[in-house]
Amino acid sequence: MAGFAEDILQAAEAAEAEIQEAVRALDRIVDLNQWKVIEAFQKHQVSDFHFAGSTGYAYNDRGREVLDLVYADVFGAEAALVRPHFASGTHTISTALFGVLRPGDELLYITGRPYDTLHKVIGKPGDGTGSLADFGIAYRETALTEEGEIDWEEVARTLTPRTKMIGIQRSRGYDWRSSFTVKQIGEMTAKVKELAPDAVVFVDNCYGEFTEEMEPAQVGVDLMAGSLIKNPGGGIAETGGYICGRRDLVELAAYRLTAPGIGGEVGAMLGTTRGLYQGLFMAPHTVGQALKGSVFAAAVFERCGFRTKPAWQEQRTDLIQAISFDGPEHLIAFVQGIQRAAAVDSHAVPEPWDMPGYEHPVIMAAGTFIQGGSLELSADAPIRAPYIGYMQGGLTYSHVKYGVLMALQSMRNRKLL
C-alpha cells in the first residue's frame, strides 16, 4: 500500500463522514436510471442474438437497430443513432452539426465559447480544412453573465434570420463555472423557442448522461450527442458515440455519417454490439461510482484549502470536478499524482504538450483501459491561468479515493501542500 501522510488520511476520513447524505442521494439517482435502462431492454426484448456481429453492408443488423431503439427510449427521444464508427465526442458532435446545417445557416452558441476541440470544427472562413466556416456556415456566440447564466438580452440581439441552430454545452469544459442542469436546459430551450421558434436546439451532452434523473431530450431539446467512451459506454464500450432527438434530425446526421439515402441502414458493427449493450446496462452504476468519487474529491480538497466547483454539497450534473490551484506546479503535481494511481501506465509521467485540437499546452493523466476513456479516472488541464485541474471519472469509488490521496501526496512530496 502507498504510504500516505497521516493528515491526508485524516482529511479523507473526515470527508467520507461528511458526505454520507450526498452519497445516499446519488444512490437514489443510480436506482432510477438503472431501472429505466432495464425497462428499455425489456420493452425491446433484447436477447443474446442481438449481440451477434455483422460485416460488409450489415443490412438488417437487428442488434444495431434495437440498440438505436433502446437508446431512444432511455434518453426520451424519437430516434437515436448509436455507432462504433464515431471516433470521439467531437466527431459525433461534428456529424450532428454538419448533418443539420447548410451553407448560409448560422450556429449560435448561447453558453459561451464551446470546448476547445470544437474550435477547429467551427473554423474560420477560407481556412481550407472543411470546417463549418469553410462551407459558408456562420458561427456566433454569446458570453455567459458574470454569474454563469445565459445573457438573454444579448441572445435576443444576436439572433438573426439565418440562425438555424442554438448550441448549448452542458458541461463546464475548461471554464470555472457551474455546469447546466437538465432543468436549466429545459428552461433555456423554452426561452429559445419563444425567441426563435424554428431554431434547432442542440446540446453537447458529453459527461452528463445518467448524472440526473432526466436527459435533455426529455425537456424539449431537439438534438443531442455524446461519446460512448464517456458515461453511456459504462467503461465497457471501446469506441463510438450517439446522437438522439427528433427523428428527422437524427436521419440527417445519419446521412452525414454514411451517405445521403443510406444513413443508418448500413454499418457493420464488427463485434462491438455486445459491449455497447453491456456498457449501457452498466452505465448508471458506473456513473454513480464516479460521482461519489467526485463528491469525495471536492470534500477532501476543500479541507486542504483548495477551491472546488462544484463544492461537495452542490448538485451534480456532469462528471467533472474542477479544482483551483495556486500555480502551474500545483496543477502539474496534481495531474501526475492521478496518473500514479492508475492501474494502467502508472509508471508514465505526464507532461504538458501541444495536443491536437487544443489552443494551449495540455497535461493529461490518462491511465485507462480504453484510450481517452473519460468515465475512467482521469484528469487534465490547460497550462494557463487560472490554474484549474479537471478531474473526471472513476469506474470504482475506491479508485477515485486512491487517486485523490495520491494526488495530495504528490503535492506534499514537493512541499506544495
# chains A, B, ... in the order shown; residues from 1 in each chain; ligands from 1

call {"tool": "select_by_dssp", "arguments": {"residues": "stretch 196-237 of chain A", "states": "strand (DSSP E or B)", "output": "PyMOL selection string"}}
result
chain A and resi 200-204+223-227

call {"tool": "residues_around", "arguments": {"residues": "A:Arg340", "least_positions_apart": "5", "cutoff": "12 Å", "atoms": "only C-alpha atoms", "output": "PyMOL selection string"}}
result
chain A and resi 2+333-335+345-350+365-368+377-379+399+402-410

call {"tool": "write_last_selection", "arguments": {"atoms": "N, CA and C atoms", "output": "PDB file, in the first residue's frame"}}
result
ATOM      1  N   ALA A   2       0.406   2.291  -0.691  1.00  0.00           N
ATOM      2  CA  ALA A   2       1.141   3.549  -0.722  1.00  0.00           C
ATOM      3  C   ALA A   2       1.152   4.170   0.669  1.00  0.00           C
ATOM      4  N   ALA A 333       1.622  18.712 -10.387  1.00  0.00           N
ATOM      5  CA  ALA A 333       1.759  17.688  -9.347  1.00  0.00           C
ATOM      6  C   ALA A 333       0.447  16.932  -9.153  1.00  0.00           C
ATOM      7  N   PHE A 334      -0.668  17.647  -9.200  1.00  0.00           N
ATOM      8  CA  PHE A 334      -1.988  17.021  -9.070  1.00  0.00           C
ATOM      9  C   PHE A 334      -2.220  16.012 -10.187  1.00  0.00           C
ATOM     10  N   VAL A 335      -2.017  16.437 -11.431  1.00  0.00           N
ATOM     11  CA  VAL A 335      -2.283  15.547 -12.571  1.00  0.00           C
ATOM     12  C   VAL A 335      -1.331  14.354 -12.543  1.00  0.00           C
ATOM     13  N   ASP A 345      -0.409   2.065 -16.952  1.00  0.00           N
ATOM     14  CA  ASP A 345       0.553   3.147 -17.217  1.00  0.00           C
ATOM     15  C   ASP A 345       0.828   4.029 -16.008  1.00  0.00           C
ATOM     16  N   SER A 346       0.798   3.447 -14.817  1.00  0.00           N
ATOM     17  CA  SER A 346       1.101   4.250 -13.629  1.00  0.00           C
ATOM     18  C   SER A 346       2.550   4.724 -13.628  1.00  0.00           C
ATOM     19  N   HIS A 347       3.394   4.027 -14.383  1.00  0.00           N
ATOM     20  CA  HIS A 347       4.812   4.388 -14.443  1.00  0.00           C
ATOM     21  C   HIS A 347       5.071   5.594 -15.343  1.00  0.00           C
ATOM     22  N   ALA A 348       4.099   5.958 -16.174  1.00  0.00           N
ATOM     23  CA  ALA A 348       4.266   7.095 -17.075  1.00  0.00           C
ATOM     24  C   ALA A 348       4.124   8.400 -16.289  1.00  0.00           C
ATOM     25  N   VAL A 349       4.876   9.410 -16.700  1.00  0.00           N
ATOM     26  CA  VAL A 349       4.816  10.719 -16.046  1.00  0.00           C
ATOM     27  C   VAL A 349       4.309  11.734 -17.063  1.00  0.00           C
ATOM     28  N   PRO A 350       3.049  12.158 -16.954  1.00  0.00           N
ATOM     29  CA  PRO A 350       2.512  13.110 -17.932  1.00  0.00           C
ATOM     30  C   PRO A 350       3.191  14.465 -17.827  1.00  0.00           C
ATOM     31  N   ALA A 365      -3.656  13.162 -17.369  1.00  0.00           N
ATOM     32  CA  ALA A 365      -3.472  11.875 -16.718  1.00  0.00           C
ATOM     33  C   ALA A 365      -4.500  10.933 -17.307  1.00  0.00           C
ATOM     34  N   ALA A 366      -4.035   9.886 -17.941  1.00  0.00           N
ATOM     35  CA  ALA A 366      -4.957   9.020 -18.674  1.00  0.00           C
ATOM     36  C   ALA A 366      -4.496   7.566 -18.592  1.00  0.00           C
ATOM     37  N   GLY A 367      -4.412   7.060 -17.369  1.00  0.00           N
ATOM     38  CA  GLY A 367      -4.080   5.647 -17.211  1.00  0.00           C
ATOM     39  C   GLY A 367      -5.335   4.814 -17.306  1.00  0.00           C
ATOM     40  N   THR A 368      -5.805   4.590 -18.519  1.00  0.00           N
ATOM     41  CA  THR A 368      -7.113   3.972 -18.734  1.00  0.00           C
ATOM     42  C   THR A 368      -7.007   2.709 -19.566  1.00  0.00           C
ATOM     43  N   LEU A 377     -11.004   6.970 -14.330  1.00  0.00           N
ATOM     44  CA  LEU A 377     -10.385   8.076 -13.612  1.00  0.00           C
ATOM     45  C   LEU A 377      -9.315   8.738 -14.469  1.00  0.00           C
ATOM     46  N   SER A 378      -9.462  10.016 -14.676  1.00  0.00           N
ATOM     47  CA  SER A 378      -8.509  10.779 -15.473  1.00  0.00           C
ATOM     48  C   SER A 378      -8.549  12.224 -15.003  1.00  0.00           C
ATOM     49  N   ALA A 379      -7.570  12.978 -15.461  1.00  0.00           N
ATOM     50  CA  ALA A 379      -7.511  14.399 -15.117  1.00  0.00           C
ATOM     51  C   ALA A 379      -6.755  15.125 -16.210  1.00  0.00           C
ATOM     52  N   HIS A 399     -11.125   3.503  -6.465  1.00  0.00           N
ATOM     53  CA  HIS A 399     -10.047   4.010  -7.311  1.00  0.00           C
ATOM     54  C   HIS A 399      -9.975   5.538  -7.255  1.00  0.00           C
ATOM     55  N   TYR A 402      -8.333   6.502  -4.032  1.00  0.00           N
ATOM     56  CA  TYR A 402      -6.892   6.259  -4.118  1.00  0.00           C
ATOM     57  C   TYR A 402      -6.209   7.359  -4.934  1.00  0.00           C
ATOM     58  N   GLY A 403      -6.843   7.742  -6.053  1.00  0.00           N
ATOM     59  CA  GLY A 403      -6.276   8.788  -6.900  1.00  0.00           C
ATOM     60  C   GLY A 403      -6.193  10.131  -6.192  1.00  0.00           C
ATOM     61  N   VAL A 404      -7.230  10.482  -5.443  1.00  0.00           N
ATOM     62  CA  VAL A 404      -7.230  11.750  -4.710  1.00  0.00           C
ATOM     63  C   VAL A 404      -6.118  11.763  -3.669  1.00  0.00           C
ATOM     64  N   LEU A 405      -5.998  10.677  -2.921  1.00  0.00           N
ATOM     65  CA  LEU A 405      -4.940  10.599  -1.917  1.00  0.00           C
ATOM     66  C   LEU A 405      -3.558  10.679  -2.566  1.00  0.00           C
ATOM     67  N   MET A 406      -3.402  10.001  -3.707  1.00  0.00           N
ATOM     68  CA  MET A 406      -2.107  10.018  -4.388  1.00  0.00           C
ATOM     69  C   MET A 406      -1.780  11.424  -4.907  1.00  0.00           C
ATOM     70  N   ALA A 407      -2.797  12.135  -5.396  1.00  0.00           N
ATOM     71  CA  ALA A 407      -2.570  13.497  -5.883  1.00  0.00           C
ATOM     72  C   ALA A 407      -2.142  14.417  -4.747  1.00  0.00           C
ATOM     73  N   LEU A 408      -2.793  14.290  -3.606  1.00  0.00           N
ATOM     74  CA  LEU A 408      -2.429  15.113  -2.462  1.00  0.00           C
ATOM     75  C   LEU A 408      -1.019  14.764  -1.964  1.00  0.00           C
ATOM     76  N   GLN A 409      -0.710  13.472  -1.947  1.00  0.00           N
ATOM     77  CA  GLN A 409       0.617  13.061  -1.513  1.00  0.00           C
ATOM     78  C   GLN A 409       1.693  13.550  -2.483  1.00  0.00           C
ATOM     79  N   SER A 410       1.357  13.576  -3.782  1.00  0.00           N
ATOM     80  CA  SER A 410       2.290  14.088  -4.789  1.00  0.00           C
ATOM     81  C   SER A 410       2.624  15.547  -4.509  1.00  0.00           C
TER      82      SER A 410
END

call {"tool": "closest_atom_pairs", "arguments": {"of": "stretch 189-265 of chain A", "to": "stretch 26-41 of chain A", "cutoff": "10 Å", "atoms": "only C-alpha atoms", "output": "Markdown table"}}
result
| residue | atom | partner | partner_atom | distance |
| --- | --- | --- | --- | --- |
| A:Glu209 | CA | A:Asn33 | CA | 9.8 |
| A:Phe210 | CA | A:Asn33 | CA | 6.4 |
| A:Thr211 | CA | A:Ile29 | CA | 7.4 |
| A:Glu212 | CA | A:Ile29 | CA | 6.3 |
| A:Glu213 | CA | A:Ile29 | CA | 5.9 |
| A:Met214 | CA | A:Asn33 | CA | 8.5 |

call {"tool": "select_by_dssp", "arguments": {"residues": "stretch 34-254 of chain A", "states": "alpha helix (DSSP H)", "output": "JSON list (two decimals) with N, CA and C atoms, in the first residue's frame"}}
result
[["chain", "number", "residue", "atom", "x", "y", "z"],
["A", 34, "GLN", "N", -30.90, 3.05, -13.45],
["A", 34, "GLN", "CA", -30.70, 1.63, -13.72],
["A", 34, "GLN", "C", -32.02, 0.97, -14.11],
["A", 35, "TRP", "N", -33.07, 1.28, -13.40],
["A", 35, "TRP", "CA", -34.37, 0.70, -13.71],
["A", 35, "TRP", "C", -34.86, 1.16, -15.09],
["A", 36, "LYS", "N", -34.60, 2.42, -15.41],
["A", 36, "LYS", "CA", -35.01, 2.95, -16.73],
["A", 36, "LYS", "C", -34.32, 2.19, -17.85],
["A", 37, "VAL", "N", -33.03, 1.90, -17.69],
["A", 37, "VAL", "CA", -32.29, 1.16, -18.72],
["A", 37, "VAL", "C", -32.83, -0.26, -18.83],
["A", 38, "ILE", "N", -33.04, -0.92, -17.71],
["A", 38, "ILE", "CA", -33.55, -2.30, -17.73],
["A", 38, "ILE", "C", -34.91, -2.36, -18.42],
["A", 39, "GLU", "N", -35.78, -1.42, -18.10],
["A", 39, "GLU", "CA", -37.11, -1.42, -18.69],
["A", 39, "GLU", "C", -37.05, -1.20, -20.20],
["A", 40, "ALA", "N", -36.10, -0.40, -20.69],
["A", 40, "ALA", "CA", -35.94, -0.22, -22.14],
["A", 40, "ALA", "C", -35.46, -1.52, -22.79],
["A", 41, "PHE", "N", -34.52, -2.22, -22.15],
["A", 41, "PHE", "CA", -34.09, -3.53, -22.65],
["A", 41, "PHE", "C", -35.27, -4.49, -22.72],
["A", 42, "GLN", "N", -36.07, -4.49, -21.67],
["A", 42, "GLN", "CA", -37.20, -5.42, -21.62],
["A", 42, "GLN", "C", -38.26, -5.07, -22.66],
["A", 43, "LYS", "N", -38.53, -3.80, -22.83],
["A", 43, "LYS", "CA", -39.53, -3.35, -23.81],
["A", 43, "LYS", "C", -39.19, -3.85, -25.21],
["A", 62, "ARG", "N", -30.18, -6.63, -36.82],
["A", 62, "ARG", "CA", -31.23, -6.38, -35.85],
["A", 62, "ARG", "C", -30.68, -5.88, -34.51],
["A", 63, "GLY", "N", -29.50, -6.33, -34.14],
["A", 63, "GLY", "CA", -28.89, -5.85, -32.91],
["A", 63, "GLY", "C", -28.62, -4.36, -32.95],
["A", 64, "ARG", "N", -28.13, -3.89, -34.09],
["A", 64, "ARG", "CA", -27.86, -2.46, -34.27],
["A", 64, "ARG", "C", -29.16, -1.66, -34.23],
["A", 65, "GLU", "N", -30.18, -2.19, -34.89],
["A", 65, "GLU", "CA", -31.47, -1.48, -34.95],
["A", 65, "GLU", "C", -32.11, -1.38, -33.58],
["A", 66, "VAL", "N", -32.07, -2.47, -32.82],
["A", 66, "VAL", "CA", -32.69, -2.46, -31.49],
["A", 66, "VAL", "C", -31.89, -1.58, -30.53],
["A", 67, "LEU", "N", -30.57, -1.55, -30.69],
["A", 67, "LEU", "CA", -29.75, -0.68, -29.85],
["A", 67, "LEU", "C", -30.17, 0.78, -30.03],
["A", 68, "ASP", "N", -30.45, 1.18, -31.26],
["A", 68, "ASP", "CA", -30.95, 2.54, -31.51],
["A", 68, "ASP", "C", -32.27, 2.78, -30.78],
["A", 69, "LEU", "N", -33.15, 1.80, -30.82],
["A", 69, "LEU", "CA", -34.46, 1.94, -30.16],
["A", 69, "LEU", "C", -34.31, 2.03, -28.65],
["A", 70, "VAL", "N", -33.43, 1.23, -28.09],
["A", 70, "VAL", "CA", -33.20, 1.24, -26.65],
["A", 70, "VAL", "C", -32.66, 2.61, -26.22],
["A", 71, "TYR", "N", -31.67, 3.12, -26.94],
["A", 71, "TYR", "CA", -31.11, 4.43, -26.62],
["A", 71, "TYR", "C", -32.18, 5.52, -26.70],
["A", 72, "ALA", "N", -32.99, 5.47, -27.74],
["A", 72, "ALA", "CA", -34.04, 6.48, -27.90],
["A", 72, "ALA", "C", -34.97, 6.48, -26.69],
["A", 73, "ASP", "N", -35.35, 5.30, -26.22],
["A", 73, "ASP", "CA", -36.23, 5.22, -25.06],
["A", 73, "ASP", "C", -35.54, 5.69, -23.79],
["A", 74, "VAL", "N", -34.31, 5.27, -23.57],
["A", 74, "VAL", "CA", -33.58, 5.65, -22.36],
["A", 74, "VAL", "C", -33.41, 7.16, -22.28],
["A", 89, "GLY", "N", -16.18, 12.13, -29.12],
["A", 89, "GLY", "CA", -17.31, 13.02, -28.92],
["A", 89, "GLY", "C", -17.30, 14.18, -29.90],
["A", 90, "THR", "N", -16.12, 14.71, -30.19],
["A", 90, "THR", "CA", -16.01, 15.80, -31.16],
["A", 90, "THR", "C", -16.49, 15.35, -32.54],
["A", 91, "HIS", "N", -16.10, 14.15, -32.95],
["A", 91, "HIS", "CA", -16.56, 13.62, -34.24],
["A", 91, "HIS", "C", -18.08, 13.47, -34.25],
["A", 92, "THR", "N", -18.64, 12.99, -33.15],
["A", 92, "THR", "CA", -20.09, 12.80, -33.07],
["A", 92, "THR", "C", -20.82, 14.13, -33.16],
["A", 93, "ILE", "N", -20.36, 15.12, -32.41],
["A", 93, "ILE", "CA", -20.98, 16.45, -32.45],
["A", 93, "ILE", "C", -20.82, 17.06, -33.83],
["A", 94, "SER", "N", -19.64, 16.93, -34.41],
["A", 94, "SER", "CA", -19.40, 17.45, -35.76],
["A", 94, "SER", "C", -20.37, 16.84, -36.76],
["A", 95, "THR", "N", -20.61, 15.55, -36.64],
["A", 95, "THR", "CA", -21.54, 14.87, -37.55],
["A", 95, "THR", "C", -22.94, 15.45, -37.41],
["A", 96, "ALA", "N", -23.36, 15.71, -36.18],
["A", 96, "ALA", "CA", -24.69, 16.29, -35.95],
["A", 96, "ALA", "C", -24.78, 17.69, -36.54],
["A", 97, "LEU", "N", -23.74, 18.50, -36.34],
["A", 97, "LEU", "CA", -23.76, 19.87, -36.85],
["A", 97, "LEU", "C", -23.78, 19.89, -38.37],
["A", 98, "PHE", "N", -22.87, 19.15, -39.00],
["A", 98, "PHE", "CA", -22.81, 19.11, -40.46],
["A", 98, "PHE", "C", -24.06, 18.47, -41.06],
["A", 99, "GLY", "N", -24.67, 17.55, -40.31],
["A", 99, "GLY", "CA", -25.87, 16.90, -40.83],
["A", 99, "GLY", "C", -27.05, 17.85, -40.95],
["A", 100, "VAL", "N", -27.16, 18.78, -40.01],
["A", 100, "VAL", "CA", -28.33, 19.67, -39.95],
["A", 100, "VAL", "C", -28.09, 21.00, -40.64],
["A", 119, "HIS", "N", -13.36, 24.12, -31.69],
["A", 119, "HIS", "CA", -12.96, 25.36, -32.36],
["A", 119, "HIS", "C", -12.55, 25.09, -33.80],
["A", 120, "LYS", "N", -11.86, 23.98, -34.04],
["A", 120, "LYS", "CA", -11.42, 23.65, -35.40],
["A", 120, "LYS", "C", -12.59, 23.19, -36.27],
["A", 121, "VAL", "N", -13.60, 22.59, -35.64],
["A", 121, "VAL", "CA", -14.81, 22.20, -36.38],
["A", 121, "VAL", "C", -15.54, 23.45, -36.87],
["A", 122, "ILE", "N", -15.64, 24.44, -36.00],
["A", 122, "ILE", "CA", -16.27, 25.71, -36.37],
["A", 122, "ILE", "C", -15.44, 26.42, -37.43],
["A", 152, "TRP", "N", -29.71, 36.68, -21.81],
["A", 152, "TRP", "CA", -30.82, 36.60, -22.77],
["A", 152, "TRP", "C", -30.97, 37.88, -23.59],
["A", 153, "GLU", "N", -30.64, 39.01, -23.03],
["A", 153, "GLU", "CA", -30.71, 40.25, -23.82],
["A", 153, "GLU", "C", -29.72, 40.18, -24.98],
["A", 154, "GLU", "N", -28.53, 39.68, -24.70],
["A", 154, "GLU", "CA", -27.53, 39.56, -25.75],
["A", 154, "GLU", "C", -27.93, 38.49, -26.76],
["A", 155, "VAL", "N", -28.53, 37.42, -26.30],
["A", 155, "VAL", "CA", -29.01, 36.38, -27.22],
["A", 155, "VAL", "C", -30.04, 36.96, -28.18],
["A", 156, "ALA", "N", -30.99, 37.72, -27.64],
["A", 156, "ALA", "CA", -32.04, 38.32, -28.48],
["A", 156, "ALA", "C", -31.43, 39.27, -29.52],
["A", 157, "ARG", "N", -30.38, 40.02, -29.12],
["A", 157, "ARG", "CA", -29.74, 40.94, -30.06],
["A", 157, "ARG", "C", -28.94, 40.18, -31.13],
["A", 158, "THR", "N", -28.42, 39.01, -30.78],
["A", 158, "THR", "CA", -27.52, 38.28, -31.67],
["A", 158, "THR", "C", -28.27, 37.41, -32.68],
["A", 182, "VAL", "N", -30.29, 19.68, -16.13],
["A", 182, "VAL", "CA", -31.32, 19.39, -17.13],
["A", 182, "VAL", "C", -32.49, 20.36, -16.98],
["A", 183, "LYS", "N", -32.84, 20.71, -15.76],
["A", 183, "LYS", "CA", -33.91, 21.69, -15.57],
["A", 183, "LYS", "C", -33.55, 23.02, -16.21],
["A", 184, "GLN", "N", -32.33, 23.48, -16.02],
["A", 184, "GLN", "CA", -31.89, 24.74, -16.63],
["A", 184, "GLN", "C", -31.92, 24.64, -18.16],
["A", 185, "ILE", "N", -31.49, 23.50, -18.69],
["A", 185, "ILE", "CA", -31.50, 23.31, -20.14],
["A", 185, "ILE", "C", -32.94, 23.34, -20.67],
["A", 186, "GLY", "N", -33.87, 22.77, -19.92],
["A", 186, "GLY", "CA", -35.28, 22.84, -20.32],
["A", 186, "GLY", "C", -35.78, 24.28, -20.35],
["A", 187, "GLU", "N", -35.38, 25.07, -19.36],
["A", 187, "GLU", "CA", -35.78, 26.48, -19.32],
["A", 187, "GLU", "C", -35.14, 27.25, -20.47],
["A", 188, "MET", "N", -33.87, 26.95, -20.79],
["A", 188, "MET", "CA", -33.22, 27.58, -21.94],
["A", 188, "MET", "C", -33.97, 27.26, -23.22],
["A", 189, "THR", "N", -34.32, 26.00, -23.37],
["A", 189, "THR", "CA", -34.99, 25.57, -24.60],
["A", 189, "THR", "C", -36.33, 26.28, -24.78],
["A", 190, "ALA", "N", -37.09, 26.39, -23.70],
["A", 190, "ALA", "CA", -38.38, 27.08, -23.77],
["A", 190, "ALA", "C", -38.19, 28.54, -24.17],
["A", 191, "LYS", "N", -37.16, 29.19, -23.61],
["A", 191, "LYS", "CA", -36.90, 30.59, -23.94],
["A", 191, "LYS", "C", -36.46, 30.75, -25.39],
["A", 192, "VAL", "N", -35.60, 29.83, -25.85],
["A", 192, "VAL", "CA", -35.17, 29.87, -27.24],
["A", 192, "VAL", "C", -36.36, 29.75, -28.18],
["A", 193, "LYS", "N", -37.27, 28.85, -27.87],
["A", 193, "LYS", "CA", -38.43, 28.63, -28.74],
["A", 193, "LYS", "C", -39.34, 29.86, -28.79],
["A", 194, "GLU", "N", -39.31, 30.66, -27.72],
["A", 194, "GLU", "CA", -40.05, 31.93, -27.75],
["A", 194, "GLU", "C", -39.38, 32.91, -28.70],
["A", 195, "LEU", "N", -38.06, 32.97, -28.65],
["A", 195, "LEU", "CA", -37.31, 33.94, -29.45],
["A", 195, "LEU", "C", -37.15, 33.50, -30.90],
["A", 247, "ARG", "N", -36.64, 12.70, -34.95],
["A", 247, "ARG", "CA", -36.36, 11.68, -35.95],
["A", 247, "ARG", "C", -35.76, 12.26, -37.23],
["A", 248, "ASP", "N", -36.29, 13.38, -37.71],
["A", 248, "ASP", "CA", -35.79, 13.95, -38.95],
["A", 248, "ASP", "C", -34.36, 14.44, -38.82],
["A", 249, "LEU", "N", -34.01, 14.97, -37.64],
["A", 249, "LEU", "CA", -32.66, 15.48, -37.42],
["A", 249, "LEU", "C", -31.66, 14.34, -37.27],
["A", 250, "VAL", "N", -32.06, 13.30, -36.59],
["A", 250, "VAL", "CA", -31.19, 12.13, -36.45],
["A", 250, "VAL", "C", -30.92, 11.50, -37.82],
["A", 251, "GLU", "N", -31.94, 11.49, -38.66],
["A", 251, "GLU", "CA", -31.75, 10.94, -40.00],
["A", 251, "GLU", "C", -30.75, 11.77, -40.81],
["A", 252, "LEU", "N", -30.81, 13.10, -40.68],
["A", 252, "LEU", "CA", -29.85, 13.95, -41.37],
["A", 252, "LEU", "C", -28.43, 13.69, -40.88],
["A", 253, "ALA", "N", -28.28, 13.48, -39.58],
["A", 253, "ALA", "CA", -26.97, 13.16, -39.04],
["A", 253, "ALA", "C", -26.47, 11.82, -39.57],
["A", 254, "ALA", "N", -27.39, 10.85, -39.70],
["A", 254, "ALA", "CA", -27.01, 9.54, -40.24],
["A", 254, "ALA", "C", -26.55, 9.66, -41.69]]

call {"tool": "residues_around", "arguments": {"residues": "A:Ala283", "least_positions_apart": "2", "cutoff": "10 Å", "atoms": "only C-alpha atoms", "output": "PDB file with C-alpha atoms, in the first residue's frame"}}
result
ATOM      1  CA  VAL A  30     -28.490   5.421  -9.770  1.00  0.00           C
ATOM      2  CA  ASN A  33     -31.556   5.315 -14.079  1.00  0.00           C
ATOM      3  CA  GLN A  34     -30.703   1.631 -13.721  1.00  0.00           C
ATOM      4  CA  VAL A  37     -32.294   1.157 -18.722  1.00  0.00           C
ATOM      5  CA  GLU A 209     -25.538  11.195 -19.079  1.00  0.00           C
ATOM      6  CA  PHE A 210     -27.109   9.475 -16.041  1.00  0.00           C
ATOM      7  CA  LEU A 228     -19.560   6.171 -25.696  1.00  0.00           C
ATOM      8  CA  LYS A 230     -17.667   8.656 -21.556  1.00  0.00           C
ATOM      9  CA  ASN A 231     -20.757   7.976 -19.446  1.00  0.00           C
ATOM     10  CA  PRO A 232     -23.092   5.830 -21.581  1.00  0.00           C
ATOM     11  CA  GLY A 233     -20.407   3.309 -22.516  1.00  0.00           C
ATOM     12  CA  GLY A 234     -20.175   2.226 -18.908  1.00  0.00           C
ATOM     13  CA  GLY A 235     -16.420   1.724 -19.143  1.00  0.00           C
ATOM     14  CA  ILE A 236     -17.009  -1.239 -21.472  1.00  0.00           C
ATOM     15  CA  TYR A 277     -25.353  -3.039 -24.849  1.00  0.00           C
ATOM     16  CA  GLN A 278     -23.490  -4.138 -21.743  1.00  0.00           C
ATOM     17  CA  GLY A 279     -21.860  -0.741 -21.361  1.00  0.00           C
ATOM     18  CA  LEU A 280     -25.244   0.958 -21.429  1.00  0.00           C
ATOM     19  CA  PHE A 281     -26.507  -1.523 -18.834  1.00  0.00           C
ATOM     20  CA  HIS A 285     -23.955   2.244 -11.722  1.00  0.00           C
ATOM     21  CA  THR A 286     -20.532   3.253 -13.028  1.00  0.00           C
ATOM     22  CA  VAL A 287     -21.518   6.910 -13.397  1.00  0.00           C
ATOM     23  CA  GLY A 288     -22.725   6.733  -9.795  1.00  0.00           C
ATOM     24  CA  GLN A 289     -19.317   5.448  -8.669  1.00  0.00           C
ATOM     25  CA  LEU A 375     -15.524   7.534 -17.482  1.00  0.00           C
ATOM     26  CA  LEU A 395     -15.021   3.049 -12.593  1.00  0.00           C
TER      27      LEU A 395
END

call {"tool": "atom_distance", "arguments": {"atom1": "atom CA of A:Gly275", "atom2": "atom CA of A:Arg83"}}
result
11.6 Å

call {"tool": "closest_residue", "arguments": {"among": "A:Gln45, A:Thr308, A:Gln371, A:Asn413", "to": "A:Met391", "atoms": "only C-alpha atoms"}}
result
A:Thr308

call {"tool": "closest_residue", "arguments": {"among": "A:Ala290, A:Val362, A:Arg412, A:Thr160", "to": "A:Ala5", "atoms": "only C-alpha atoms"}}
result
A:Arg412

call {"tool": "residues_around", "arguments": {"residues": "A:Tyr387", "least_positions_apart": "2", "cutoff": "12 Å", "atoms": "only C-alpha atoms", "output": "list of chain:residue names"}}
result
A:Tyr174, A:Asp175, A:Trp176, A:Phe306, A:Arg307, A:Ala322, A:Ile323, A:Ser324, A:Phe325, A:Asp326, A:Gly327, A:Pro328, A:Glu329, A:His330, A:Leu331, A:Ile332, A:Ala333, A:Phe334, A:Val335, A:Val362, A:Ile363, A:Asp380, A:Ala381, A:Pro382, A:Ile383, A:Arg384, A:Ala385, A:Gly389, A:Tyr390

call {"tool": "write_last_selection", "arguments": {"atoms": "C-alpha atoms", "output": "short mmCIF file (atom, residue, chain, number, x, y, z; two decimals), in the first residue's frame"}}
result
data_model
loop_
_atom_site.label_atom_id
_atom_site.label_comp_id
_atom_site.auth_asym_id
_atom_site.auth_seq_id
_atom_site.Cartn_x
_atom_site.Cartn_y
_atom_site.Cartn_z
CA TYR A 174 -12.26 24.32 -19.38
CA ASP A 175 -14.19 27.08 -17.59
CA TRP A 176 -14.65 27.90 -13.92
CA PHE A 306 -8.40 24.49 -2.25
CA ARG A 307 -11.45 25.91 -4.04
CA ALA A 322 -12.80 21.35 -11.07
CA ILE A 323 -10.12 22.27 -8.52
CA SER A 324 -8.38 25.65 -8.43
CA PHE A 325 -4.63 25.64 -7.74
CA ASP A 326 -2.17 28.39 -6.86
CA GLY A 327 0.12 27.87 -9.84
CA PRO A 328 1.35 25.51 -12.54
CA GLU A 329 3.49 23.50 -10.09
CA HIS A 330 0.45 22.52 -8.00
CA LEU A 331 -1.52 21.72 -11.14
CA ILE A 332 1.18 19.51 -12.66
CA ALA A 333 1.76 17.69 -9.35
CA PHE A 334 -1.99 17.02 -9.07
CA VAL A 335 -2.28 15.55 -12.57
CA VAL A 362 -2.36 20.48 -22.03
CA ILE A 363 -1.37 17.97 -19.37
CA ASP A 380 -6.45 17.12 -17.48
CA ALA A 381 -5.84 20.83 -17.64
CA PRO A 382 -4.60 23.54 -19.97
CA ILE A 383 -1.46 25.17 -18.64
CA ARG A 384 -2.83 28.67 -18.41
CA ALA A 385 -4.01 31.00 -15.67
CA GLY A 389 -7.39 20.99 -12.81
CA TYR A 390 -10.32 18.98 -14.15
#
